[in-house]
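Some notes on the structure that comes next.
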Amino acid sequence: MKKRELIEMYRMMLLIRRFEERCAQMYGMQKIGGFCHLYIGQEAVGVGAIAAIRPDDYFISAYRDHGHILAKGTDPKPVMAELFGKATGVSKGKGGSMHLFDLERRYMGGHGIVAGQIPLATGFGFAIKYRKQDQVVVCSFGEGAVHQGAFHESLNLAKLWKLPVIYLIENNRYGMGTPLERASAVWNLSQKACSYDMEEEVVDGMDVLAVCDVVKKAAARAREKGEPTLIEARTYRFRGHSMSDPVHSHYRTKEEVEEQKQNDPIARFLDKLFKDKVLTEAAAKKIENEVKKQVIEAVEFAENSPEPPLESLHEDIYA
Amino acid sequence: MATKVTMPKLSDTMEEGTLVRWLKKEGETVDAAEVIAEAESDKATMELEAFDAGVLKKILVPEGGKVPVGGLLALIGEEDEDIGALLKEIEAEQAAAPAEPAEGKEQAAAEPVPEKEAAAAVKQPAAAAAAEPEKEPAEDTAAPGELLTTGGVRIKASPLARKMARERGLNLRRIAGTGSGGRIIRRDIEKAGPAGVRAAAAPAGAGGASEIPLSSMRESIASRMTLSKSTVPHFYLTVEVDMDRAVEARKSLNEAQSGIKISFNDLIIKAAALALRDHERVNGSFGEKGLMLHSDIDVGVAVALEDGLITPVLRRADTLSLGQIAQQVGELAGRARERKLAPEEYSNATFTISNLGMFGIEEFSAIINPPQSAILAVGGVAQKPVVREGELGIGYRMKMTLSCDHRIVDGAVGALFLADVQKKLENPMLMML
Amino acid sequence: MAEITFREALNQAMAEEMERDPDVFLMGEEVGYYQGAYKVSQGLMERFGVERVIDTPIAELGFAGVGIGAAMVGLRPIVEMMTFNFSILALDQIVNNAAKLRYMSGGLINMPIVFRGPGGAAHQLAAQHSQCLDPWFCNVPGLYVMAPSVPKDAKGLLKTAIRDDNPVIFIESEVAYGYKGEVPDGELLIPIGVGEVKREGTDVTIVAWSKMIHVVLDAANNLAEQGISAEVVDPRTLRPLDEQILITSVEKTNRCVIVEEGWPYAGVGAEIAHRITTNAFDALDAPIARVTGLDVPMPYAANLEHAVIPNAERVIQAAKQVLYI
C-alpha cells in the first residue's frame with residue numbers, strides 16, 4: 001500500500017474517533033437525542049473495509065453508522081447536523097443517528113432493525129448482476145444480527161444466485177448486555193458460511209491493514225467470480241452499546257475494558273506507522289490538530305443550522 | 001476561565017441523575033477523557049469523563065446528590081486560578097431559580113389535567129345547550145350544537161331530516177319519527193309538509209288572528225301541564241292560615257338584621273320543607289317505576305318569567321336556615337329571569353310551591369308537576385275581619401291550597417300535611433326546633 | 001375491446017411493462033417454471049428469460065428485502081406474494097424499509113416496487129390462508145394500496161403501479177382470477193386514487209372493492225327487483241382513498257352501506273365510514289351500515305365459511321336497514 005493511502009487510513013480512523021468522542025459530549029449536553037451508538041474501538045473495521053473497495057461500490061450498515069458514513073467520505077458537517085436534527089443534515093433531519101445516508105457516495109444507510117439491512121444489501125448485489133455491472137457490496141452488521149432469519153435468507157440467496165456481496169460481521173462480542181456465548185450456539189461465527197457453501201474469513205478487527213487485506217480478497221472474488229463471502233472481523237467497543245448503556249456492568253468488567261483499550265486499533269496503527277517511518281511525530285500532531293478543527297467546525301455548523309421547517313413533516317412520504 | 005462540569009444526559013429518557021461517587025478530590029489534576037465520577041441514570045450507572053484537562057477546583061454536589069440533566073456538578077480550571085467570583089455568580093443563579101426542575105415537573109403533571117378539563121368543557125356545551133330550551137331558538141328546530149328536547153325528552157332526527165325541516169320551516173317537535181328508536185327521518189319530513197311551505201307569522205287583515213310561533217318553554221309548559229291535568233287524578237285541600245305571628249316574626253327578623261330580607265314565601269318554604277319530613281308521601285312521586293319516596297326534600301319554587309314560568313329548586317330545603325332559603329331563592333330567581341339557570345338547577349324537585357299572592361290572588365289551585373305528588377298554591381296575606389274568643393277583630397289571613405295526586409296521597413294524608421304546615425306558620429317559633 | 005380474464009389482464013400488464021422498461025422484473029415463489037401458483041405469470045419466463053422472471057426459495061422476508069434493495073438502486077421489481085397471508089413474514093421489510101426509506105433519508109431514496117398477490121379467502125383454506133390484510137397496509141404512511149375488482153381495473157392499475165415510484169401493495173383475489181371482463185385495447189393506465197361507480201342508482205350507496213364488488217352487484221340486481229335502486233361505488237385504490245366519489249354518491253342517495261371481506265375491528269370500512277360521516281354528515285338519513293367478514297378466524301367447514309364471508313343476502317339486509325324497510 002502507498003504511504004499516502006496509509007496516512008489517509010490513519011487520518012480517517014482518528015477523525016472517526018474524535019467525532020464520536022464529541023458526539024458523546026453533545027449527547028450529554030442534549031444536542032443529540034434519541035439513540036446514539038458510538039463506533040469507538042471498531043474504527044479499523046469500517047476504515048479497513050472501505051479502503052479496500054472502490055468509491056462506486058456499495059456500503060450498508062446498521063445503526064452504529066457514524067464511522068461508516070465518514071469513512072465513505074462524507075463531510076462531517078452534515079453528519080453532525082443530522083445528529084443535531086437540523087435541516088442541513090444528510091437526511092434533512094428526518095433520520096437521525098440511526099438513519100444516515102449518502103447515496104452519491106454509495107453509503108446506503110443507517111438501519112434500525114437488527115439485520116434489516118442484510119436483505120437490502122443482497123438486493124444491491126442482485127441489481128449489480130442484473131445490470132451486468134462490476135461493483136461489489138459490503139454489508140456490515142453486528143454479531144447479534146447473525147441470529148435473525150434475515151441473515152440466513154440473505155446468505156442463501158446470495159450464494160444461490162451468485163451475488164457480489166461481502167457480508168461483514170463486526171463481532172464486538174456483546175449485544176446490548178448479552179455476551180456472544182449466551183446468544184449463540186456457535187462461537188466461530190464465520191463457520192456459518194458452510195451452511196451456504198460460502199467462502200469464509202476470520203480477521204483481527206483491531207488491525208486495519210488485516211481487515212483491508214481480507215476485504216480486498218473478498219471484493220476480487222465478488223467482482224471476478226460473482227461469489228459472496230462471509231467475513232468475521234473480531235473487534236471490541238470501548239463504550240456501551242449506546243449512550244444509554246453502561247460501558248461495563250454485569251456483562252463485562254471494567255478491567256476487561258481497560259485491558260482491551262491497550263489494544264486500541266488507532267494507537268496500534270500509529271505505532272506501526274512510526275516504526276515503518278511512514279509518519280513522523282510532527283506530522284501526526286498536525287493531523288491531530290486538523291482533525292480536531294474539522295470536528296469543531298462540524299459542531300459549529302450543526303449548532304448554527306436551522307431546524308427542519310414544519311412543512312417538511314409531510315414531504316418525502318411519497319415521490 | 002474555569003469550565004463547568006454538568007450532569008450529562010446518559011439515556012434518552014433521563015431527566016435527573018444521582019452523583020454516586022467522586023473519583024477525584026478537589027485540587028487533584030485531571031486529564032482529558034479521564035473518569036472523574038460515577039453517575040446513575042434511570043437505566044444504569046455510568047462513568048463521567050472530564051472533557052478538558054486541568055485541576056478539579058470545586059466539587060459542587062456531594063456524593064448521593066441528585067442533579068437534573070444539565071445541572072452543575074463541579075468546576076475544572078487552572079491550578080492558580082481564582083474561582084471566587086465564578087462561585088458567587090453560581091450561588092446567585094441558584095438562589096434565583098431553585099424551583100425550575102420542580103416547575104418543570106409540575107407543568108408536566110399539569111398537562112394531563114387540561115385534557116380532563118377539555119373533556120369536561122366538551123360536556124359543558126352539551127349541558128349548556130340542554131339548558132337553552134328555555135331560550136327561544138331562532139327557528140323551530142335546534143340550531144347546530146343544541147340538543148332538541150320536548151318535555152325534557154330528547155328528539156332524535158337524522159342529519160338529513162334536520163336539514164330538511166330547517167329548510168321547510170317545520171317544527172321537529174310536532175313530527176312523529178318512524179325510524180329506529182323513534183328517529184325522525186326523511187320520509188317523516190316529506191309526510192309532514194311538502195317543500196316550500198314555511199310556518200308563516202303573517203299578520204292577518206283587520207279582525208284576523210295572528211299566529212305566534214311557540215317558544216320551546218311554552219311548548220314544554222303546554223305539553224307537561226296537559227299531561228298532568230289529563231293523567232293525574234288531582235284533588236284539592238284548602239286552609240286559611242292565621243298569619244299574625246308570622247307577620248310579627250318576619251317584621252322583627254327584618255328589623256333585627258340588615259342582611260337579607262326574609263319574605264313570607266321564605267317562611268312558607270321553610271314550613272313546608274320541615275313538614276315534608278314527617279309526611280313522606282307528599283314528598284313522593286308516582287311514575288313509570290311506581291311509587292317512589294325520596295330521601296331528600298328538594299323544593300321547587302315557581303318563578304314567573306316574561307313569557308312563562310320556571311321552578312328553580314332548593315336542594316335539601318329542610319336543612320336550610322331561613323336566611324339561606326331567602327338568599328338562595330333570591331339568587332336563583334334572579335338568574336332564572338336572566339335565563340341563566342343550568343338544567344340541574346330547575347329539574348327534579350320533589351315538591352313545588354307556587355305563590356301568586358303578589359298579584360292579589362286570594363286562592364287558587366295549581367297543577368301538579370309530574371312526577372311530583374303534590375303542589376302548594378299560596379295566595380296573598382291580607383287583613384281580614386276575624387273572630388277571637390267571640391269578639392270581632394282584625395287579623396292577617398292567608399289561604400293555601402294543596403293539590404294532591406290521589407294515586408299516592410289520600411285525603412287524610414294531604415290534610416295532615418297541610419295542617420302541619422299551617423301549624424308551623426301559625427307558631428313560627430316551632431320552626432326553630 | 002376484448003373480453004379477458006382477471007389473470008390474463010394481470011399477465012398482460014406485467015408483460016407490457018416488462019417489454020417497455022428493461023428495469024422491470026418479476027420475482028416470487030413458482031413464478032417462473034411453474035408458470036405461477038395461480039398461473040398469473042404464465043409464459044413470462046419463456047418470453048423474458050430466467051434473469052427477469054426469478055423463482056425464489058421460500059423466504060418472504062429475504063426476497064422482499066432483496067426487491068427493496070434492488071429498487072433502492074434503480075430497478076423496478078414486481079414482488080409476487082403467493083398469497084398476502086405470507087406477506088406477514090415480510091412485514092418488517094415492507095413497513096420499516098419500503099414504506100419509510102424515502103422519508104428517513106430526507107427524500108434521497110426512491111422506491112419503485114410493487115408487492116402483488118391474492119388476498120382474502122378462497123374456498124375452505126382455513127384460518128392461515130384466508131386473511132384479508134388490507135387495513136394493515138392502509139394504515140402505513142408511505143405505502144399505496146390497490147384492490148381492483150375487474151380485469152380492466154386490474155390491468156390499468158397494475159401498469160400504473162409498476163410505473164409509479166412509490167411502493168404499492170396490489171391486492172388481487174384467487175377467486176377473482178377467473179372472472180371475465182371487457183378490457184379496452186391499447187395503452188390502459190388508470191390513475192391512483194380514482195374510484196369508479198360500477199352501477200348507478202338513487203336509493204342507497206354501496207361501497208365495496210375487490211371480490212366483494214361481485215357480491216354487491218348481485219345484491220343490487222336483487223334489490224332492483226324489489227324496487228330499490230342501489231348505486232355501487234368501487235374506490236379501486238384504498239390508499240389514497242377517492243373521498244369525493246363517495247361523498248357525491250352519498251349526497252345523492254342519503255344512505256350508505258360498506259361491504260368488506262376483512263374483519264370489522266379497524267377495517268378499511270371503518271375509515272371510509274369516518275370520512276363519509278365527517279364530509280357528508282347532513283346528507284345522511286341513517287347511520288352508515290357495514291357488512292364485514294365475521295370477527296372470527298376463518299373456519300374450515302364449508303357451511304361455517306359461508307357464514308363468515310359477506311354474501312348478497314347480508315348486503316340486501318343492510319341496504320333495507322338503512323332504508324328503514
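Note on naming: chains are A, B, ... as they come in the C-alpha cells, residues start from 1 per chain, ligands start from 1 in the order shown.
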
task: Name the residues in contact with Lys384 in chain B at a cut-off of 9 Å, using only C-alpha atoms, excluding same-chain residues fewer than 4 positions from it; report them as a list in words.
output: Gly393, Ile394, Gly395, Tyr396 and Arg397 of chain B

Expected file: the selected residues, C-alpha atoms, as a short mmCIF file (atom, residue, chain, number, x, y, z; two decimals), in the first residue's frame:
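The resulting file, selection.cif, is reproduced below:
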```cif
data_model
loop_
_atom_site.label_atom_id
_atom_site.label_comp_id
_atom_site.auth_asym_id
_atom_site.auth_seq_id
_atom_site.Cartn_x
_atom_site.Cartn_y
_atom_site.Cartn_z
CA GLY B 393 -111.22 41.79 65.38
CA ILE B 394 -108.67 42.21 62.60
CA GLY B 395 -106.16 39.56 61.74
CA TYR B 396 -103.76 38.58 58.99
CA ARG B 397 -105.02 35.66 56.99
#
```

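Using only C-alpha atoms, we find that the part of chain C lying within 9 Å of chain B comprises Asn254, Phe281, Asp282, Ala283, Leu284, Asp285, Ala286, Pro287 and Tyr324 of chain C.
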
Take the residues from that selection and put them in a file with C-alpha atoms, as a JSON list (two decimals), in the first residue's frame.
```
[["chain", "number", "residue", "atom", "x", "y", "z"],
["C", 254, "ASN", "CA", -78.58, 9.83, 1.64],
["C", 281, "PHE", "CA", -72.98, 14.33, 7.65],
["C", 282, "ASP", "CA", -76.00, 16.40, 6.73],
["C", 283, "ALA", "CA", -76.79, 14.17, 3.81],
["C", 284, "LEU", "CA", -77.18, 11.10, 5.97],
["C", 285, "ASP", "CA", -80.67, 9.86, 6.77],
["C", 286, "ALA", "CA", -79.40, 6.80, 8.62],
["C", 287, "PRO", "CA", -76.19, 5.67, 10.30],
["C", 324, "TYR", "CA", -85.82, 1.68, 7.26]]
```

- request: Select residues of chain B: the criterion is any atom within 10 Å of an atom of chain A, counting only C-alpha atoms; output as a list of chain:residue names.
  value: B:Thr6, B:Met7, B:Pro8, B:Lys9, B:Leu10, B:Ser11, B:Asp12, B:Thr13, B:Met14, B:Ala33, B:Glu40, B:Ser41, B:Asp42, B:Lys43, B:Ala44, B:Thr45, B:Met46, B:Glu47, B:Leu48, B:Glu49, B:Ala50, B:Phe51, B:Val69, B:Gly70

Write out, as a short mmCIF file (atom, residue, chain, number, x, y, z; two decimals), in the first residue's frame, the residues just selected, with C-alpha atoms.
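File written: part-v6.cif
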```
data_model
loop_
_atom_site.label_atom_id
_atom_site.label_comp_id
_atom_site.auth_asym_id
_atom_site.auth_seq_id
_atom_site.Cartn_x
_atom_site.Cartn_y
_atom_site.Cartn_z
CA THR B 6 -22.55 19.42 34.17
CA MET B 7 -24.73 16.32 34.59
CA PRO B 8 -24.87 14.77 31.12
CA LYS B 9 -27.91 13.11 29.59
CA LEU B 10 -26.96 9.47 29.95
CA SER B 11 -30.03 7.93 28.32
CA ASP B 12 -32.73 9.23 26.05
CA THR B 13 -35.29 9.14 28.87
CA MET B 14 -33.14 10.53 31.65
CA ALA B 33 -11.09 11.93 28.97
CA GLU B 40 -26.58 6.94 37.93
CA SER B 41 -29.25 7.47 35.30
CA ASP B 42 -32.67 5.85 35.11
CA LYS B 43 -31.10 2.96 33.21
CA ALA B 44 -27.63 2.31 34.57
CA THR B 45 -24.59 3.66 36.40
CA MET B 46 -22.19 5.38 34.02
CA GLU B 47 -18.76 6.91 34.21
CA LEU B 48 -18.35 10.66 33.84
CA GLU B 49 -15.32 11.86 31.94
CA ALA B 50 -13.72 15.26 32.04
CA PHE B 51 -13.60 16.75 28.57
CA VAL B 69 -29.67 16.84 33.46
CA GLY B 70 -27.56 19.90 32.65
#
```

field: Near-Val303 in chain B list (9 Å; only C-alpha atoms; drop same-chain fewer than 5 positions) as a PyMOL selection string
entry: chain B and resi 308-312+333+336-337+354-355

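Shortest atom-to-atom contact with Ser230 in chain B among B:Ile367, B:Ala382, B:Lys4, B:Ser321: B:Ile367, counting only C-alpha atoms.
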
message: I need the contact residues of chain C against chain A, so if you could list those with any atom within 9 Å, counting only C-alpha atoms, and return them as an MDAnalysis selection string, that would help.
response: chainID C and resid 23 51:52 56:75 92:93 96:97 99:111 141:144 164:167
